[in-house]
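Peer 1: Handing you a structure now.
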Amino acid sequence: MDQGNNVTYFILLGLTQNPMEQKVLFVIFLLVYILTLMGNLLIVVTVTISKTLDSPMYFFLANLSFVDIILSSVISPKLIYNLLLGETIVSFKFCMFQLFTEHLFGGVEIILLLVMAYDRYVAICKPLHYSVIMRQWVCVVLLVVAWVGGFLHSIMQLSTVYGLPFCGPNVIDHFICDMYPLLKLVCGETYVIGLLVIANGGLMCSILFLLLLISYGVILNSLKNLSKDAKHKALSTCGSHITVVVLYFVPCIFMYARPAKTFPIDKSLSVFYTVITPMLNPYIYTLRNSEMTNAMKRLWKRKGM
């Protein structure tokens with residue numbers, strides 16, 4: 001820890017200080033976390049075991065579910081624990097660890113969504129070349145790119161805030177350690193640091209979101225050349241992707257593509273894209289995907305359930 005940093009722990013105020021509200025939220029978020037684990041694990045297991053789900057789309061979907069499991073496990077258990085016991089004290093090192101992991105898996109998820117959009121673009125706009133372009137080694141390389149990109153994004157966020165002087169107060173009006181709430185506690189000017197956060201977080205989200213919108217615009221424009229059945233299937237798949245993209249990117253852009261200030265709505269938005277969205281993703285993808293639902297039914301029958 002740098003000289004001048006007198007803070008060894010932080011106090012998280014959490015979502016609410018009302019004991020009754022804490023109990024209600026404890027039950028809600030415990031159920032949300034259980035549903036998140038069940039839904040995403042089911043996708044990972046189904047894609048891994050099923051012989052019919054061997055296309056790149058399901059390979060990336062299983063990896064997205066894996067990332068959602070870890071992302072929610074970084075955030076939800078601590079949130080649930082704090083709501084149950086009212087314990088809000090976290091060490092400086094744990095706070096930095098949570099900041100790093102939150103942005104690592106969040107960054108991986110963002111890039112994975114872009115990769116999945118590229119996969120759908122190739123499948124719909126270049127169907128004759130799909131098997132050649134999206135070969136197995138290409139899929140692995142794209143997955144590695146997503147993880148490397150997420151790591152670089154996260155390490156930049158961590159290095160931006162880790163060496164800053166925290167000399168008190170140490171109270172964070174949030175339920176997680178994140179960039180802007182931490183910058184409020186820094187002893188000194190943080191204007192330049194705030195610009196770096198916007199460039200690394202907000203600009204990344206905005207550019208990738210724009211690329212996703214362009215890619216889906218091209219995909220939707222190309223659907224007019226498809227048959228009715230093919231068009232319906234493509235719309236169903238793309239509709240699921242677009243829904244997940246909007247649910248994740250809109251809060252992310254609002255959180256980081258702005259001046260380094262905090263707002264009361266920040267807690268709700270953070271809950272939405274770190275806790276709620278990972279729970280919704282598997283249900284959004286499976287409910288509108290007949291291949292996935294049929295594979296799950298076969299899996300359950302095979303296990304005698």
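Chain labels A, B, ... are given in the sequence in which chains occur in the structure tokens; within each chain residues are numbered consecutively from 1, and ligands are likewise numbered from 1 in the order shown.
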Applying 8 Å and only C-alpha atoms, which residues near range 217-227 of chain A remain after dropping the ones on its own chain fewer than 3 positions away? List them as a ChimeraX atom specification.

Peer 2: /A:120-121,124-125,213-214,230-231,234-235

Peer 1: Write the selection just made, keeping all heavy atoms, as a PDB file, in the first residue's frame?

Peer 2:
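part.pdb, written as the output of this step:
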```pdb
ATOM      1  N   ARG A 120     -23.232 -14.622 -35.369  1.00  0.00           N
ATOM      2  CA  ARG A 120     -24.554 -14.563 -36.016  1.00  0.00           C
ATOM      3  C   ARG A 120     -24.479 -13.848 -37.374  1.00  0.00           C
ATOM      4  O   ARG A 120     -25.189 -14.215 -38.311  1.00  0.00           O
ATOM      5  CB  ARG A 120     -25.549 -13.843 -35.107  1.00  0.00           C
ATOM      6  CG  ARG A 120     -25.961 -14.610 -33.867  1.00  0.00           C
ATOM      7  CD  ARG A 120     -26.605 -15.946 -34.223  1.00  0.00           C
ATOM      8  NE  ARG A 120     -25.608 -17.004 -34.439  1.00  0.00           N
ATOM      9  CZ  ARG A 120     -25.819 -18.105 -35.134  1.00  0.00           C
ATOM     10  NH1 ARG A 120     -26.979 -18.315 -35.718  1.00  0.00           N
ATOM     11  NH2 ARG A 120     -24.878 -19.019 -35.288  1.00  0.00           N
ATOM     12  N   TYR A 121     -23.603 -12.843 -37.468  1.00  0.00           N
ATOM     13  CA  TYR A 121     -23.427 -12.138 -38.750  1.00  0.00           C
ATOM     14  C   TYR A 121     -22.920 -13.094 -39.821  1.00  0.00           C
ATOM     15  O   TYR A 121     -23.435 -13.134 -40.936  1.00  0.00           O
ATOM     16  CB  TYR A 121     -22.456 -10.970 -38.575  1.00  0.00           C
ATOM     17  CG  TYR A 121     -21.934 -10.423 -39.884  1.00  0.00           C
ATOM     18  CD1 TYR A 121     -22.724  -9.598 -40.679  1.00  0.00           C
ATOM     19  CD2 TYR A 121     -20.650 -10.761 -40.330  1.00  0.00           C
ATOM     20  CE1 TYR A 121     -22.244  -9.115 -41.895  1.00  0.00           C
ATOM     21  CE2 TYR A 121     -20.167 -10.286 -41.528  1.00  0.00           C
ATOM     22  CZ  TYR A 121     -20.974  -9.465 -42.314  1.00  0.00           C
ATOM     23  OH  TYR A 121     -20.502  -9.001 -43.521  1.00  0.00           O
ATOM     24  N   ILE A 124     -25.663 -15.766 -40.786  1.00  0.00           N
ATOM     25  CA  ILE A 124     -26.821 -15.286 -41.538  1.00  0.00           C
ATOM     26  C   ILE A 124     -26.427 -14.629 -42.856  1.00  0.00           C
ATOM     27  O   ILE A 124     -27.082 -14.837 -43.885  1.00  0.00           O
ATOM     28  CB  ILE A 124     -27.640 -14.305 -40.674  1.00  0.00           C
ATOM     29  CG1 ILE A 124     -28.223 -15.051 -39.458  1.00  0.00           C
ATOM     30  CG2 ILE A 124     -28.758 -13.655 -41.482  1.00  0.00           C
ATOM     31  CD1 ILE A 124     -28.880 -14.146 -38.439  1.00  0.00           C
ATOM     32  N   CYS A 125     -25.348 -13.856 -42.844  1.00  0.00           N
ATOM     33  CA  CYS A 125     -24.965 -13.097 -44.042  1.00  0.00           C
ATOM     34  C   CYS A 125     -24.003 -13.866 -44.947  1.00  0.00           C
ATOM     35  O   CYS A 125     -23.935 -13.583 -46.144  1.00  0.00           O
ATOM     36  CB  CYS A 125     -24.337 -11.763 -43.633  1.00  0.00           C
ATOM     37  SG  CYS A 125     -25.445 -10.696 -42.687  1.00  0.00           S
ATOM     38  N   LEU A 213     -24.763  -2.596 -32.532  1.00  0.00           N
ATOM     39  CA  LEU A 213     -25.940  -2.057 -33.212  1.00  0.00           C
ATOM     40  C   LEU A 213     -25.765  -2.098 -34.729  1.00  0.00           C
ATOM     41  O   LEU A 213     -26.696  -2.449 -35.467  1.00  0.00           O
ATOM     42  CB  LEU A 213     -26.200  -0.619 -32.757  1.00  0.00           C
ATOM     43  CG  LEU A 213     -26.673  -0.434 -31.309  1.00  0.00           C
ATOM     44  CD1 LEU A 213     -26.888   1.046 -31.017  1.00  0.00           C
ATOM     45  CD2 LEU A 213     -27.968  -1.210 -31.054  1.00  0.00           C
ATOM     46  N   ILE A 214     -24.559  -1.759 -35.202  1.00  0.00           N
ATOM     47  CA  ILE A 214     -24.285  -1.796 -36.642  1.00  0.00           C
ATOM     48  C   ILE A 214     -24.379  -3.225 -37.171  1.00  0.00           C
ATOM     49  O   ILE A 214     -24.993  -3.479 -38.215  1.00  0.00           O
ATOM     50  CB  ILE A 214     -22.897  -1.198 -36.943  1.00  0.00           C
ATOM     51  CG1 ILE A 214     -22.885   0.304 -36.640  1.00  0.00           C
ATOM     52  CG2 ILE A 214     -22.507  -1.439 -38.407  1.00  0.00           C
ATOM     53  CD1 ILE A 214     -21.522   0.945 -36.743  1.00  0.00           C
ATOM     54  N   ALA A 230     -36.412 -19.649 -42.158  1.00  0.00           N
ATOM     55  CA  ALA A 230     -35.067 -19.199 -41.806  1.00  0.00           C
ATOM     56  C   ALA A 230     -35.116 -17.807 -41.183  1.00  0.00           C
ATOM     57  O   ALA A 230     -34.376 -17.503 -40.245  1.00  0.00           O
ATOM     58  CB  ALA A 230     -34.175 -19.191 -43.043  1.00  0.00           C
ATOM     59  N   LYS A 231     -35.995 -16.955 -41.710  1.00  0.00           N
ATOM     60  CA  LYS A 231     -36.141 -15.602 -41.175  1.00  0.00           C
ATOM     61  C   LYS A 231     -36.660 -15.644 -39.734  1.00  0.00           C
ATOM     62  O   LYS A 231     -36.182 -14.913 -38.868  1.00  0.00           O
ATOM     63  CB  LYS A 231     -37.083 -14.795 -42.055  1.00  0.00           C
ATOM     64  CG  LYS A 231     -37.211 -13.323 -41.657  1.00  0.00           C
ATOM     65  CD  LYS A 231     -38.231 -12.600 -42.521  1.00  0.00           C
ATOM     66  CE  LYS A 231     -37.794 -12.602 -43.982  1.00  0.00           C
ATOM     67  NZ  LYS A 231     -38.737 -11.800 -44.825  1.00  0.00           N
ATOM     68  N   ALA A 234     -33.834 -16.858 -37.440  1.00  0.00           N
ATOM     69  CA  ALA A 234     -32.811 -15.819 -37.275  1.00  0.00           C
ATOM     70  C   ALA A 234     -33.317 -14.696 -36.377  1.00  0.00           C
ATOM     71  O   ALA A 234     -32.585 -14.181 -35.523  1.00  0.00           O
ATOM     72  CB  ALA A 234     -32.402 -15.272 -38.640  1.00  0.00           C
ATOM     73  N   LEU A 235     -34.580 -14.301 -36.567  1.00  0.00           N
ATOM     74  CA  LEU A 235     -35.155 -13.239 -35.740  1.00  0.00           C
ATOM     75  C   LEU A 235     -35.233 -13.662 -34.277  1.00  0.00           C
ATOM     76  O   LEU A 235     -34.983 -12.858 -33.374  1.00  0.00           O
ATOM     77  CB  LEU A 235     -36.550 -12.872 -36.257  1.00  0.00           C
ATOM     78  CG  LEU A 235     -36.618 -11.951 -37.469  1.00  0.00           C
ATOM     79  CD1 LEU A 235     -38.055 -11.805 -37.949  1.00  0.00           C
ATOM     80  CD2 LEU A 235     -36.033 -10.582 -37.137  1.00  0.00           C
TER      81      LEU A 235
END
```

Peer 1: For Pro259 in chain A, work out the shell of residues within 10 Å, counting only C-alpha atoms and skipping chain neighbours fewer than 4 positions away, then give it as a PDB file with N, CA, C and O atoms, in the first residue's frame.

Peer 2:
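As a result, result-v5.pdb now contains:
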```
ATOM      1  N   TYR A 180     -16.170   4.857  -9.274  1.00  0.00           N
ATOM      2  CA  TYR A 180     -16.595   6.204  -8.889  1.00  0.00           C
ATOM      3  C   TYR A 180     -16.821   6.368  -7.389  1.00  0.00           C
ATOM      4  O   TYR A 180     -16.420   7.389  -6.818  1.00  0.00           O
ATOM      5  N   TYR A 191      -9.719  14.560 -11.258  1.00  0.00           N
ATOM      6  CA  TYR A 191     -10.311  14.876 -12.566  1.00  0.00           C
ATOM      7  C   TYR A 191      -9.682  14.050 -13.676  1.00  0.00           C
ATOM      8  O   TYR A 191     -10.382  13.437 -14.498  1.00  0.00           O
ATOM      9  N   GLY A 194     -10.605  10.436 -13.415  1.00  0.00           N
ATOM     10  CA  GLY A 194     -11.961  10.230 -13.902  1.00  0.00           C
ATOM     11  C   GLY A 194     -12.012  10.123 -15.416  1.00  0.00           C
ATOM     12  O   GLY A 194     -12.756   9.311 -15.970  1.00  0.00           O
ATOM     13  N   LEU A 195     -11.203  10.912 -16.098  1.00  0.00           N
ATOM     14  CA  LEU A 195     -11.138  10.837 -17.557  1.00  0.00           C
ATOM     15  C   LEU A 195     -10.592   9.489 -18.011  1.00  0.00           C
ATOM     16  O   LEU A 195     -11.043   8.923 -19.021  1.00  0.00           O
ATOM     17  N   VAL A 197     -10.913   6.681 -16.391  1.00  0.00           N
ATOM     18  CA  VAL A 197     -11.976   5.698 -16.164  1.00  0.00           C
ATOM     19  C   VAL A 197     -12.996   5.755 -17.295  1.00  0.00           C
ATOM     20  O   VAL A 197     -13.454   4.721 -17.796  1.00  0.00           O
ATOM     21  N   ILE A 198     -13.353   6.969 -17.722  1.00  0.00           N
ATOM     22  CA  ILE A 198     -14.290   7.124 -18.827  1.00  0.00           C
ATOM     23  C   ILE A 198     -13.714   6.512 -20.102  1.00  0.00           C
ATOM     24  O   ILE A 198     -14.407   5.810 -20.847  1.00  0.00           O
ATOM     25  N   GLY A 202     -16.235   3.660 -20.006  1.00  0.00           N
ATOM     26  CA  GLY A 202     -17.337   4.222 -20.771  1.00  0.00           C
ATOM     27  C   GLY A 202     -17.119   4.187 -22.267  1.00  0.00           C
ATOM     28  O   GLY A 202     -18.023   3.839 -23.034  1.00  0.00           O
ATOM     29  N   MET A 255     -23.291   4.121 -16.406  1.00  0.00           N
ATOM     30  CA  MET A 255     -22.435   4.103 -15.221  1.00  0.00           C
ATOM     31  C   MET A 255     -21.052   4.696 -15.478  1.00  0.00           C
ATOM     32  O   MET A 255     -20.490   5.361 -14.604  1.00  0.00           O
TER      33      MET A 255
END
```

Peer 1: Using only C-alpha atoms, determine which residues lie at most 8 Å from Asn6 in chain A, disregarding the query and same-chain residues fewer than 2 positions distant; provide the list as a PyMOL selection string.

Peer 2: chain A and resi 4+8+165-168

Peer 1: Considering only helix (DSSP H, G or I) as DSSP defines it on the backbone, what residues of range 54-268 of chain A qualify? List them as number ranges by chain.

Peer 2: A: 56-85, 92-125, 127-133, 136-162, 179-183, 191-225, 228-256, 266-268

Peer 1: Quick one: pull the distance between CA of Val275 in chain A and CA of Val250 in chain A, Å, one decimal.

Peer 2: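 Pair CA of Val275 in chain A / CA of Val250 in chain A returns 15.0 Å.
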
Peer 1: Which residues, written as a list in words, have at least one atom at most 6 Å from range 84-96 of chain A, with only C-alpha atoms counted and residues fewer than 6 positions away on the same chain left out?

Peer 2: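 Listing them by chain and then by number gives Thr8, Tyr9, Phe10, Ile11, Leu12 and Cys177 of chain A.
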
Peer 1: CA of Thr16 in chain A and CA of Pro77 in chain A, how far apart in Å?

Peer 2: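 It comes out at 16.6 Å.
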
Peer 1: For Ile80 in chain A, which residue among A:Gly163, A:Leu142, A:Phe175, A:Asp54 is the nearest when counting only C-alpha atoms?

Peer 2: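 Of all the options, A:Phe175 lies closest to Ile80 in chain A.
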
Peer 1: Between A:Asp266, A:Glu109, A:Glu21, A:Asp229, which one has atoms that come closest to Phe66 in chain A, using only C-alpha atoms?

Peer 2: A:Glu109

Peer 1: From the options A:Met57, A:Ala62, A:Ile28, A:Ile176, which residue's atoms come nearest to Leu13 in chain A, counting only C-alpha atoms?

Peer 2: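 Nearest to Leu13 in chain A: A:Ile176.
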
Peer 1: Show which residues sit within 9 Å of Val74 in chain A, as a PyMOL selection string. Count only C-alpha atoms, and ignore same-chain residues fewer than 5 positions away.

Peer 2: chain A and resi 69+98+101-102

Peer 1: I need the chosen residues saved as a compact mmCIF listing (two decimals), in the first residue's frame, with all heavy atoms.

Peer 2:
```
# COMPACT_ATOMS: atom_id res chain seq x y z
N ILE A 69 -21.86 -17.10 -14.18
CA ILE A 69 -21.77 -17.81 -12.89
C ILE A 69 -20.70 -17.18 -12.00
O ILE A 69 -20.93 -16.91 -10.82
CB ILE A 69 -21.47 -19.31 -13.12
CG1 ILE A 69 -22.67 -20.01 -13.75
CG2 ILE A 69 -21.09 -19.99 -11.80
CD1 ILE A 69 -22.38 -21.44 -14.18
N GLN A 98 -12.31 -7.35 -5.37
CA GLN A 98 -13.66 -7.29 -5.92
C GLN A 98 -13.72 -6.36 -7.12
O GLN A 98 -14.37 -6.67 -8.13
CB GLN A 98 -14.66 -6.84 -4.86
CG GLN A 98 -16.11 -6.97 -5.30
CD GLN A 98 -17.08 -6.54 -4.23
OE1 GLN A 98 -17.07 -5.40 -3.79
NE2 GLN A 98 -17.94 -7.47 -3.80
N THR A 101 -12.00 -8.31 -10.09
CA THR A 101 -12.79 -9.43 -10.64
C THR A 101 -14.08 -8.95 -11.29
O THR A 101 -14.50 -9.50 -12.31
CB THR A 101 -13.11 -10.45 -9.54
OG1 THR A 101 -13.69 -9.77 -8.41
CG2 THR A 101 -11.86 -11.18 -9.09
N GLU A 102 -14.71 -7.94 -10.71
CA GLU A 102 -15.94 -7.40 -11.28
C GLU A 102 -15.69 -6.90 -12.70
O GLU A 102 -16.46 -7.20 -13.63
CB GLU A 102 -16.46 -6.26 -10.41
CG GLU A 102 -17.64 -5.50 -11.01
CD GLU A 102 -17.82 -4.13 -10.38
OE1 GLU A 102 -17.16 -3.83 -9.36
OE2 GLU A 102 -18.63 -3.36 -10.93
```

Peer 1: Tell me, which residues of range 47-295 of chain A carry DSSP strand (DSSP E), written as a ChimeraX atom specification?

Peer 2: /A:89-91,171-172

Peer 1: Do you have the CA of Val171 in chain A-CA of Leu79 in chain A distance handy?

Peer 2: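 Interatomic distance, CA of Val171 in chain A to CA of Leu79 in chain A: 16.2 Å.
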
Peer 1: How close does range 210-279 of chain A get to range 288-300 of chain A? List, as CSV, each residue of range 210-279 of chain A within 12 Å, its nearest atom pair and the distance in Å to one decimal, counting only C-alpha atoms.

Peer 2:
```
residue,atom,partner,partner_atom,distance
A:His232,CA,A:Arg288,CA,10.9
A:Lys233,CA,A:Asn289,CA,8.4
A:Ala234,CA,A:Asn289,CA,10.3
A:Leu235,CA,A:Arg288,CA,9.9
A:Ser236,CA,A:Arg288,CA,6.1
A:Thr237,CA,A:Asn289,CA,6.9
A:Cys238,CA,A:Arg288,CA,10.1
A:Gly239,CA,A:Arg288,CA,8.7
A:Ser240,CA,A:Arg288,CA,7.2
A:His241,CA,A:Arg288,CA,10.6
A:Thr243,CA,A:Arg288,CA,11.5
```

Peer 1: Of the candidates A:Tyr273, A:Phe26, A:Phe249, A:Tyr256, which shows the shortest atom-to-atom distance to Asp68 in chain A, using only C-alpha atoms?

Peer 2: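 Checking each candidate against Asp68 in chain A, we get A:Tyr273 as the closest.
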
Peer 1: Name the closest residue to Ser131 in chain A among the candidates A:Gly39, A:Asp119, A:Leu210, A:Val27; distances are taken between atoms, counting only C-alpha atoms.

Peer 2: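 Distance minimum relative to Ser131 in chain A lands on A:Asp119.
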
Peer 1: Restricting the calculation to only C-alpha atoms: of A:Gly201, A:Gly188, A:Pro181, A:Pro169, which residue gets closest to Ser154 in chain A?

Peer 2: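 Closest candidate: A:Gly201.
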